[in-house]
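Okay, structure first, notes after.
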Amino acid sequence: MSQHVLPPEPMTNEAIASRLTNLAKKKIRDGLIKKKNLVYLELNGCSGNIISLLNGQNPDFEYTMNSMVNILYSNSLMASEGEQAIQRLMNALDEDYILAVEGAVALKNNGLYNIIGSWKGEPLTGLKAAKMLGEKASQILAVGACATHGGVSAAKPNLSESVGLQTILPEKKMIKLPGCPVQPDWFLGTLAHLLLYGEPETDNLGRPLMFYSTLIHDRCPRRPFFDRGIFAEKLGDKTCLFKLGCRGPVTRIDCPTRQWNGHVNWPIGANTPCIGCAQFGFPDAMAPFISYDTTRVVKNE
Amino acid sequence: MSKRVVINPLTRISGFMEIDVIIDQGRVVDAKTKGNLFRGFEQMLVGRSPFDAVYFTQRICGICSAAHSIASSAALEDALKIEPSEQGRYLRDIIHCCEFLQNHIRHFYQYTVPDYVKIDQNTLFQSDHTDYRLPRKINDRISKHYFDSLAISRSAHQMLAVLGGKAPHNHGVFIGGITTQATAEKVVHIDSILQQIMIFIEEKMLPDVYDIAHYYSDYYRLGGGYGNLLTYGAFYDYKDLGTLYVDPLVSSTAKVQVFDERKIQEKIDYSWYESSKTTYKPDQVMPDPDMNKKKGYSWVKAPRYDGLPYEVGPLARLILSGEYEMGISAMDRTIARALETKKIAEIMKRLLTEIVPNIDTQQKYELPENAEGRGLVDTTRGALGHWLKIQNKKLSFYQIITPSTWDFSTRDDQGNRGVAEEALIGTPIQNPEQPAEIGRILRSFDPCMSCATHVYTPGKQMKTIKVF
């Protein structure tokens with residue numbers, strides 16, 4: 001029997017993001033890999049993903065923007081404004097860049113439901129910007145539920161005719177990071193992987209396996225309650241939330257172990273059901289989020 | 001000779017906004033503020049389970065999501081005739097405090113500081129104007145704090161997640177209070193983070209804002225506007241604690257009065273909507289769009305109180321609570337935000353001491369066949385209202401008036417401009433090619449266009465908008 005050498009740290013998904021980051025840091029410091037340009041487009045959505053990315057700790061956002069990537073454009077953060085800001089966006093087209101997009105693409109009326117700026121006196125729609133920048137990007141990340149499949153922006157009756165980024169760039173390969181919002185590690189870990197090794201392995205829906213491979217239900221700390229048939233009757237209960245409509249059994253993501261905001265908690269830790277925000281089809285396919293007694297209780301069997 | 005200046009996008013805000021101003025003889029003589037994204041949350045909510053509104057409406061905005069969950073929970077409590085316990089209120093208000101801290105710290109450092117402080121070393125901070133006045137030493141100190149603040153603001157979200165499950169878009173706020181039981185360990189965890197935040201506010205944020213105010217003191221005279229102030233009340237009317245911050249109040253021409261919600265109306269004379277009435281109460285009408293309307297120029301509607309535009313937000317709250325007397329201007333607004341950050345941290349500290357561990361505020365809620373409710377709360381940016389109706393146990397009506405709708409409204413039938421539009425009038429512009437003044441004044445309101453333009457109803461084809 002061959003000798004097994006244990007890895008120096010647990011081979012958990014949580015460790016993956018930090019290992020990637022530390023390696024990327026070291027290689028950048030040693031001059032082995034170069035900082036890449038990043039264009040961060042916010043389209044039709046709530047800008048919740050950029051806010052979530054500011055919460056990143058592993059690596060932190062400060063390190064990412066100072067040492068890993070050169071952010072050429074971000075509506076939320078850049079000092080420049082107006083056409084001068086859009087000029088910087090256009091200048092990016094002449095360089096090599098990674099494109100990250102959050103928010104959906106609004107198709108209604110040729111994209112005029114989401115104008116992201118003005119260029120040479122004409123409105124620059126999210127649709128036009130996403131197509132133009134998507135065609136030329138070296139890699140594309142669809143960040144959050146709205147970008148991956150339309151998300152809440154495309155919820156019924158979808159008045160803005162919002163769609164995910166892939167719909168308007170059908171031929172382009174892109175990495176999809178669903179979630180509402182994205183957990184910062186899912187984005188920053190993927191980014192570190194891109195810098196170090198290129199594109200990470202993804203499933204048939206374009207999601208990186210290192211984050212999206214396991215069902216919440218399979219690693220839920222409340223699984224023993226499910227197995228024993230002990231179910232919560234209201235929010236706030238500490239048993240299995242399945243009968244309140246928990247979407248953990250259909251949602252592939254690593255929340256049970258990675259958790260949120262520096263590993264302090266997650267929705268099920270707050271005694272609420274998973275609403276499936278990291279699953280394609282959210283929100284309509286995951287609604288209703290909260291219901292009481294979704295299954296019939298047979299008494300005196 | 002007059003000159004037209006259009007800024008699109010106004011960056012470092014939430015969402016997309018265009019500003020259109022006319023400058024004559026070096027001063028702003030006319031101004032229009034316009035929102036640039038439309039999703040239609042109110043229509044999305046019709047037909048959904050009323051319970052879902054708490055999580056669904058949070059998706060209006062990534063920076064003030066907890067505010068919507070609180071207003072939505074309050075509207076449902078009103079409809080379901082449920083009164084949250086005092087412990088439930090304390091816990092929910094602690095979550096709200098975390099969001100205030102996160103938002104105010106981000107808005108000051110990430111969104112406001114780059115207007116006044118030259119941050120080198122990064123392409124993100126390349127500026128369009130040259131009006132930087134801080135001495136090198138102070139400039140470098142505040143630049144460094146820009147990065148320090150990221151960790152502090154992040155830790156405010158971490159505190160929020162301890163009780164709320166995650167942030168943004170928390171899961172903890174719900175009808176009756178919150179879903180988590182606060183254990184002693186959680187209270188101590190939050191308190192220890194809060195301590196670090198309080199040190200940051202005291203030692204960095206307040207000195208930084210006063211240094212900026214000192215070197216840009218002309219902004220005490222810019223961006224004033226009408227001077228009408230409104231708050232729905234914040235951290236007030238607790239059974240044992242009374243009011244920790246401010247009661248529901250309004251003031252116009254320096255006369256302070258008790259707020260009366262029956263005086264709220266929305267007007268759509270200059271917004272792209274039509275309905276049988278162009279002036280209506282929030283629970284009466286969801287108007288249809290009309291892009292062909294000649295007078296229309298924005299998707300943002302025009303809420304009015306007693307027929308007049310009112311400013312909402314930290315400065316309004318501080319003045320109405322009697323804690324700030326300096327004045328109303330772009331700089332006063334910015335200082336008020338920093339002072340309020342300190343105030344909120346103190347309120348939160350106080351509320352934490354009142355928490356009784358392990359109390360469950362949840363029950364199994366029954367939906368009524370038909371009901372109506374409204375939730376009015378003052379949140380980071382100001383007064384936020386949700387109005388809802390339930391028919392056959394489903395949502396049949398939802399109306400949201402956000403703080404940025406108050407501050408960034410259009411004109412109305414009486415000829416009153418919106419609050420931010422009025423604040424720009426008369427502003428001297430040093431260099432129309434680099435109009436730094438406009439962005440500084442508008443950002444003093446902390447605009448959130450994701451919130452203000454959440455509304456859209458289906459209708460006619462939209463014309464191409466001519467920007468020039």
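Simple scheme: letters A, B, ... for chains in structure tokens order, numbers from 1 for residues in each chain, numbers from 1 for ligands in the order shown.
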
- DSSP says strand (DSSP E) for which residues of segment 84-115 of chain A? Put them as a ChimeraX atom specification? /A:97-102,105-106,115

- Item | Non-local contacts of segment 309-316 of chain B (6 Å; only C-alpha atoms; under 6 positions in same chain excluded) as a count of residues only | 9

Sorted by chain and rising residue number, list the residues of chain A at most 7 Å from chain B (counting only C-alpha atoms), each with its closest atom pair and distance in Å to one decimal, as a tab-separated table.
```
residue	atom	partner	partner_atom	distance
A:Asn44	CA	B:Leu37	CA	6.5
A:Cys46	CA	B:Cys61	CA	4.5
A:Ser47	CA	B:Gly62	CA	5.3
A:Gly48	CA	B:Gly62	CA	3.4
A:Ile51	CA	B:Gly62	CA	6.5
A:Ser52	CA	B:Pro168	CA	6.5
A:Leu54	CA	B:Leu150	CA	6.9
A:Asn55	CA	B:Arg154	CA	5.0
A:Glu62	CA	B:Phe147	CA	6.6
A:Asn66	CA	B:Asn122	CA	7.0
A:Asn70	CA	B:Thr123	CA	6.9
A:Ile71	CA	B:Leu124	CA	6.1
A:Leu72	CA	B:Leu124	CA	6.2
A:Tyr73	CA	B:Leu124	CA	6.8
A:Asn75	CA	B:Thr11	CA	5.1
A:Ser76	CA	B:Arg12	CA	4.4
A:Leu77	CA	B:Arg12	CA	5.3
A:Met78	CA	B:Leu124	CA	4.8
A:Ala79	CA	B:Phe125	CA	4.8
A:Ser80	CA	B:Ser127	CA	5.0
A:Glu81	CA	B:Thr11	CA	5.3
A:Gly82	CA	B:Asn8	CA	4.3
A:Glu83	CA	B:Asn8	CA	6.5
A:Asn109	CA	B:Met462	CA	6.4
A:Tyr113	CA	B:Leu37	CA	5.5
A:Asn114	CA	B:Leu37	CA	4.3
A:Ile115	CA	B:Asn36	CA	5.3
A:Ile116	CA	B:Phe16	CA	6.2
A:Gly117	CA	B:Pro9	CA	4.6
A:Ser118	CA	B:Asn8	CA	5.4
A:Gly121	CA	B:Phe468	CA	5.7
A:Glu122	CA	B:Val467	CA	6.0
A:Pro123	CA	B:Val467	CA	6.7
A:Ser153	CA	B:Arg39	CA	6.0
A:Ala155	CA	B:Met44	CA	6.4
A:Lys156	CA	B:Met44	CA	5.6
A:Pro157	CA	B:Met44	CA	6.0
A:Leu159	CA	B:Pro458	CA	6.1
A:Ser160	CA	B:Arg39	CA	5.7
A:Lys234	CA	B:Lys364	CA	5.2
A:Leu235	CA	B:Thr179	CA	5.9
A:Gly236	CA	B:Thr179	CA	4.5
A:Trp260	CA	B:Lys166	CA	5.6
A:Asn261	CA	B:Gln158	CA	5.1
A:Gly262	CA	B:Gln158	CA	6.8
A:Val264	CA	B:Val162	CA	5.9
A:Asn265	CA	B:Gly165	CA	5.0
A:Trp266	CA	B:Gly165	CA	4.3
A:Pro267	CA	B:Gly165	CA	4.5
A:Gly269	CA	B:Gly165	CA	6.2
A:Ala270	CA	B:Gly165	CA	4.8
A:Asn271	CA	B:Thr179	CA	6.0
A:Thr272	CA	B:His171	CA	6.6
A:Pro288	CA	B:Ser49	CA	6.3
A:Phe289	CA	B:Asp52	CA	5.7
A:Ile290	CA	B:Phe51	CA	6.2
```

- Query: So, counting only C-alpha atoms, which residue among A:Val152, A:Val250, A:Leu20, A:Leu195 is closest to Asp218 of chain A?
  - Reply: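 Comparing A:Val152, A:Val250, A:Leu20, A:Leu195 against Asp218 of chain A, the winner is A:Val250.
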
- Task: Within segment 338-368 of chain B, find each residue whose DSSP state, derived from the backbone, is helix (DSSP H, G or I), and express the selection as a list in words.
- Result: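 Taking segment 338-368 of chain B and keeping helix (DSSP H, G or I) only, one gets Ala338, Leu339, Glu340, Thr341, Lys342, Lys343, Ile344, Ala345, Glu346, Ile347, Met348, Lys349, Arg350, Leu351, Leu352 and Thr353 of chain B.
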
- Query: Just how far from atom CA of Asp288 of chain B is atom CA of Glu369 of chain B, in Å to one decimal?
  - Reply: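 Separating atom CA of Glu369 of chain B from atom CA of Asp288 of chain B is a distance of 26.9 Å.
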